[in-house]
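Next comes work_27.txt, with compact mmCIF, C-alpha atoms and all ligand atoms.
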```txt
# COMPACT_ATOMS: atom_id res chain seq x y z
CA MET A 478 18.41 -4.09 -16.25
CA PRO A 479 15.46 -6.27 -17.24
CA GLU A 480 12.07 -4.57 -17.08
CA CYS A 481 10.41 -5.00 -13.72
CA ILE A 482 7.62 -7.54 -13.39
CA PHE A 483 4.97 -4.93 -12.53
CA CYS A 484 5.91 -2.80 -15.55
CA ARG A 485 5.54 -5.93 -17.69
CA ILE A 486 2.12 -6.58 -16.18
CA ALA A 487 1.10 -2.91 -16.57
CA ARG A 488 1.83 -2.93 -20.31
CA GLY A 489 0.25 -6.34 -20.85
CA ALA A 490 3.48 -8.23 -21.61
CA GLN A 491 2.86 -10.48 -18.59
CA ALA A 492 -0.54 -11.98 -17.90
CA CYS A 493 -2.45 -11.20 -14.74
CA THR A 494 -5.99 -11.58 -13.48
CA LYS A 495 -7.32 -8.02 -13.60
CA VAL A 496 -9.82 -6.63 -11.16
CA TYR A 497 -9.70 -2.99 -12.28
CA GLU A 498 -7.79 -0.86 -14.77
CA ASP A 499 -7.73 2.76 -15.87
CA ASP A 500 -5.09 5.02 -17.46
CA SER A 501 -3.17 5.39 -14.19
CA VAL A 502 -3.73 2.30 -12.06
CA LEU A 503 -4.06 -1.46 -12.38
CA ALA A 504 -5.49 -3.79 -9.73
CA PHE A 505 -5.00 -7.54 -10.12
CA MET A 506 -5.15 -10.75 -8.12
CA ASP A 507 -1.94 -11.58 -6.24
CA PHE A 508 -0.36 -14.70 -7.78
CA LYS A 509 0.29 -16.12 -4.32
CA PRO A 510 -2.64 -14.87 -2.23
CA ILE A 511 -2.22 -14.59 1.53
CA THR A 512 -6.00 -14.85 1.87
CA LYS A 513 -8.80 -15.37 -0.65
CA GLY A 514 -9.29 -12.17 -2.65
CA HIS A 515 -5.78 -10.75 -2.06
CA ILE A 516 -5.31 -7.96 -4.63
CA LEU A 517 -2.33 -5.85 -5.68
CA ILE A 518 -2.69 -2.24 -6.78
CA ILE A 519 0.07 -0.70 -8.87
CA SER A 520 0.64 2.62 -10.55
CA LYS A 521 1.16 2.02 -14.26
CA LYS A 522 4.14 4.35 -14.23
CA HIS A 523 7.29 2.82 -12.77
CA ALA A 524 8.41 4.26 -9.47
CA GLU A 525 10.25 2.24 -6.88
CA LEU A 526 8.68 3.96 -3.90
CA LEU A 527 5.43 5.70 -2.99
CA THR A 528 7.45 8.85 -2.36
CA GLU A 529 8.66 8.81 -5.98
CA LEU A 530 5.15 8.87 -7.42
CA ASP A 531 3.60 12.22 -8.24
CA ASP A 532 0.68 13.29 -6.05
CA ASN A 533 -1.95 12.36 -8.62
CA GLN A 534 -0.55 8.85 -9.09
CA ALA A 535 -0.37 8.29 -5.32
CA ALA A 536 -3.92 9.59 -4.91
CA ASP A 537 -5.13 7.37 -7.76
CA MET A 538 -3.76 4.30 -5.97
CA ILE A 539 -5.59 5.18 -2.76
CA VAL A 540 -8.86 5.91 -4.57
CA VAL A 541 -8.65 2.54 -6.35
CA ALA A 542 -7.75 0.82 -3.05
CA LYS A 543 -10.93 2.25 -1.55
CA LYS A 544 -13.00 1.05 -4.53
CA VAL A 545 -11.43 -2.42 -4.30
CA GLY A 546 -12.24 -2.45 -0.59
CA LEU A 547 -15.86 -1.54 -1.26
CA ALA A 548 -16.11 -4.26 -3.92
CA LEU A 549 -14.63 -6.84 -1.54
CA LYS A 550 -17.15 -5.90 1.15
CA LYS A 551 -20.06 -6.19 -1.29
CA SER A 552 -18.74 -9.45 -2.74
CA LYS A 553 -19.73 -12.91 -1.65
CA LEU A 554 -16.24 -13.49 -0.26
CA ASN A 555 -17.66 -12.44 3.11
CA CYS A 556 -14.46 -10.99 4.47
CA HIS A 557 -14.73 -9.36 7.88
CA ALA A 558 -12.06 -6.67 7.48
CA ILE A 559 -9.26 -5.57 5.17
CA ASN A 560 -5.57 -4.75 5.54
CA TYR A 561 -4.20 -2.16 3.11
CA ILE A 562 -0.44 -2.57 3.18
CA LEU A 563 2.19 -0.58 1.32
CA SER A 564 5.78 -1.52 2.14
CA ASP A 565 8.09 1.31 1.07
CA GLY A 566 11.68 0.03 0.95
CA ALA A 567 13.46 -3.26 1.62
CA GLU A 568 13.61 -2.79 5.40
CA ALA A 569 9.82 -2.36 5.37
CA GLY A 570 9.43 -5.70 3.62
CA GLN A 571 9.17 -4.49 0.01
CA ASN A 572 10.42 -7.22 -2.33
CA ILE A 573 9.26 -5.96 -5.73
CA PHE A 574 10.67 -2.50 -6.28
CA HIS A 575 7.75 -0.96 -8.10
CA ALA A 576 5.39 0.81 -5.69
CA HIS A 577 2.41 -1.39 -4.90
CA MET A 578 -0.28 -1.78 -2.31
CA HIS A 579 -1.60 -5.07 -0.99
CA VAL A 580 -5.32 -5.23 -0.32
CA ILE A 581 -5.74 -8.29 1.88
CA PRO A 582 -9.23 -9.38 2.87
CA ARG A 583 -9.30 -10.68 6.44
CA TYR A 584 -11.36 -13.54 7.78
CA ARG A 585 -11.72 -14.61 11.38
CA GLY A 586 -9.01 -17.12 12.21
CA ASP A 587 -7.21 -16.67 8.86
CA GLY A 588 -3.83 -16.95 10.57
CA PHE A 589 -2.43 -13.78 9.03
CA GLY A 590 -1.28 -10.98 11.27
CA LEU A 591 0.91 -7.92 11.47
CA ARG A 592 3.40 -8.20 14.27
CA MET A 593 3.82 -5.04 16.34
CA PRO A 594 6.67 -5.05 18.83
CA GLU A 595 5.93 -4.76 22.52
CA ARG A 596 5.76 -1.13 23.54
CA ASP A 597 6.20 0.62 26.86
CA GLU A 598 3.09 1.20 28.93
CA GLU A 599 4.23 4.79 29.44
CA GLU A 600 3.39 7.28 26.72
CA GLU A 601 6.30 9.09 25.15
CA ASP A 602 7.19 12.41 26.77
CA GLU A 603 5.41 15.28 24.97
CA LYS A 604 8.64 17.27 24.58
CA ARG A 605 10.38 14.32 22.94
CA LEU A 606 7.42 13.89 20.58
CA GLU A 607 7.63 17.58 19.73
CA ARG A 608 11.39 17.38 19.04
CA THR A 609 10.77 14.48 16.68
CA ALA A 610 7.85 16.27 15.02
CA ILE A 611 10.01 19.37 14.40
CA LYS A 612 12.53 17.25 12.48
CA ILE A 613 9.75 15.96 10.25
CA ARG A 614 7.66 19.15 9.94
CA LYS A 615 10.49 21.20 8.47
CA PHE A 616 10.42 18.98 5.39
CA MET A 617 6.63 18.78 5.05
CA GLU A 618 5.38 20.17 1.76
CA ARG A 619 1.92 21.63 1.41
CA ARG A 620 -0.51 19.69 -0.69
CA ALA A 621 -0.73 21.18 -4.17
CA ASP A 622 -4.46 21.86 -3.78
CA SER A 623 -4.42 23.34 -0.26
ZN ZN B 701 8.13 -1.19 -12.74
```
What do you get writing this file as structure tokens?
Amino acid sequence: MPECIFCRIARGAQACTKVYEDDSVLAFMDFKPITKGHILIISKKHAELLTELDDNQAADMIVVAKKVGLALKKSKLNCHAINYILSDGAEAGQNIFHAHMHVIPRYRGDGFGLRMPERDEEEEDEKRLERTAIKIRKFMERRADS
């Protein structure tokens, strides 16, 4: 298997336009930006999915995403809002299988949008929500620091 593109970028074998870097995380300009200022955040350690990262690596990505967001808001790009998007798995739209988060500055009328399917007006029955929550809760792990 050839090394994945984000691993190549993380170790400097493939050029990128860096925005931020530390021991754990790299943030760089998307090569094909959806909007001006579109940034990708990757963990330097290869993991296909967010759920395969250790807690510290996942947290590091979020902390850097927040810092990138603050920098975008202070910048002269004048974006109005930001989408933070992490697609975990092919069916979710992931196409590079090294966990990454898109930070996409939004501008009025930029033409980009997330499509949510039509949903029923009626709220889901509370008992059905509870049955679904039970299936999830039994696999929930406590946070290491709580
Ligand atoms: Zn990789």
Practice problem: Extract, using all atoms listed in the file, all DNA, RNA and protein residues at most 7 Å from Leu563 (chain A), discarding same-chain residues fewer than 5 positions from it, and format them as a PyMOL selection string. | Solution: chain A and resi 577-579
Quiz prompt | Spatial neighbours of Ala558 (chain A), 12 Å, all atoms listed in the file, chain gap at least 5 places, as an MDAnalysis selection string | solution = chainID A and resid 512 514 546:547 549:551 580:587
Tell me, counting all atoms listed in the file, for each residue of chain A within 12 Å of ligand ZN 701 (chain B), which pair of atoms is nearest and how far apart they are in Å to one decimal, in rows ordered by chain and increasing number, as a Markdown table.
```
| residue | atom | partner | partner_atom | distance |
| --- | --- | --- | --- | --- |
| A:Met478 | CA | B:ZN701 | ZN | 11.2 |
| A:Pro479 | CA | B:ZN701 | ZN | 10.0 |
| A:Glu480 | CA | B:ZN701 | ZN | 6.8 |
| A:Cys481 | CA | B:ZN701 | ZN | 4.5 |
| A:Ile482 | CA | B:ZN701 | ZN | 6.4 |
| A:Phe483 | CA | B:ZN701 | ZN | 4.9 |
| A:Cys484 | CA | B:ZN701 | ZN | 3.9 |
| A:Arg485 | CA | B:ZN701 | ZN | 7.3 |
| A:Ile486 | CA | B:ZN701 | ZN | 8.8 |
| A:Ala487 | CA | B:ZN701 | ZN | 8.2 |
| A:Arg488 | CA | B:ZN701 | ZN | 10.0 |
| A:Ile519 | CA | B:ZN701 | ZN | 9.0 |
| A:Ser520 | CA | B:ZN701 | ZN | 8.7 |
| A:Lys521 | CA | B:ZN701 | ZN | 7.8 |
| A:Lys522 | CA | B:ZN701 | ZN | 7.0 |
| A:His523 | CA | B:ZN701 | ZN | 4.1 |
| A:Ala524 | CA | B:ZN701 | ZN | 6.4 |
| A:Glu525 | CA | B:ZN701 | ZN | 7.1 |
| A:Leu526 | CA | B:ZN701 | ZN | 10.2 |
| A:Leu530 | CA | B:ZN701 | ZN | 11.8 |
| A:Ile573 | CA | B:ZN701 | ZN | 8.6 |
| A:Phe574 | CA | B:ZN701 | ZN | 7.1 |
| A:His575 | CA | B:ZN701 | ZN | 4.7 |
| A:Ala576 | CA | B:ZN701 | ZN | 7.8 |
| A:His577 | CA | B:ZN701 | ZN | 9.7 |
```
Self-check item: Selection: 12 Å around Ile516 (chain A), only C-alpha atoms, excl. self and same-chain fewer than 4 positions, as a count of residues only
Solution: 32
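If you look at CA of Ser501 (chain A) and CA of Asp537 (chain A), they are 7.0 Å away from each other.
Reported to one decimal place, the separation of CA of Asp531 (chain A) from CA of Leu606 (chain A) is 29.1 Å.
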Quiz item: At what distance in Å, to one decimal, does CA of Met593 (chain A) lie from CA of Phe616 (chain A)?
Solution: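 Taking CA of Phe616 (chain A) and CA of Met593 (chain A), their separation equals 27.2 Å.
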Quiz item: Hey, what's within 12 Å of Asn533 (chain A) if we count only C-alpha atoms and toss same-chain stuff fewer than 6 positions away? As a VMD selection string, please?
Solution: chain A and resid 500 to 502 520 522 527 539 to 540 620 to 622
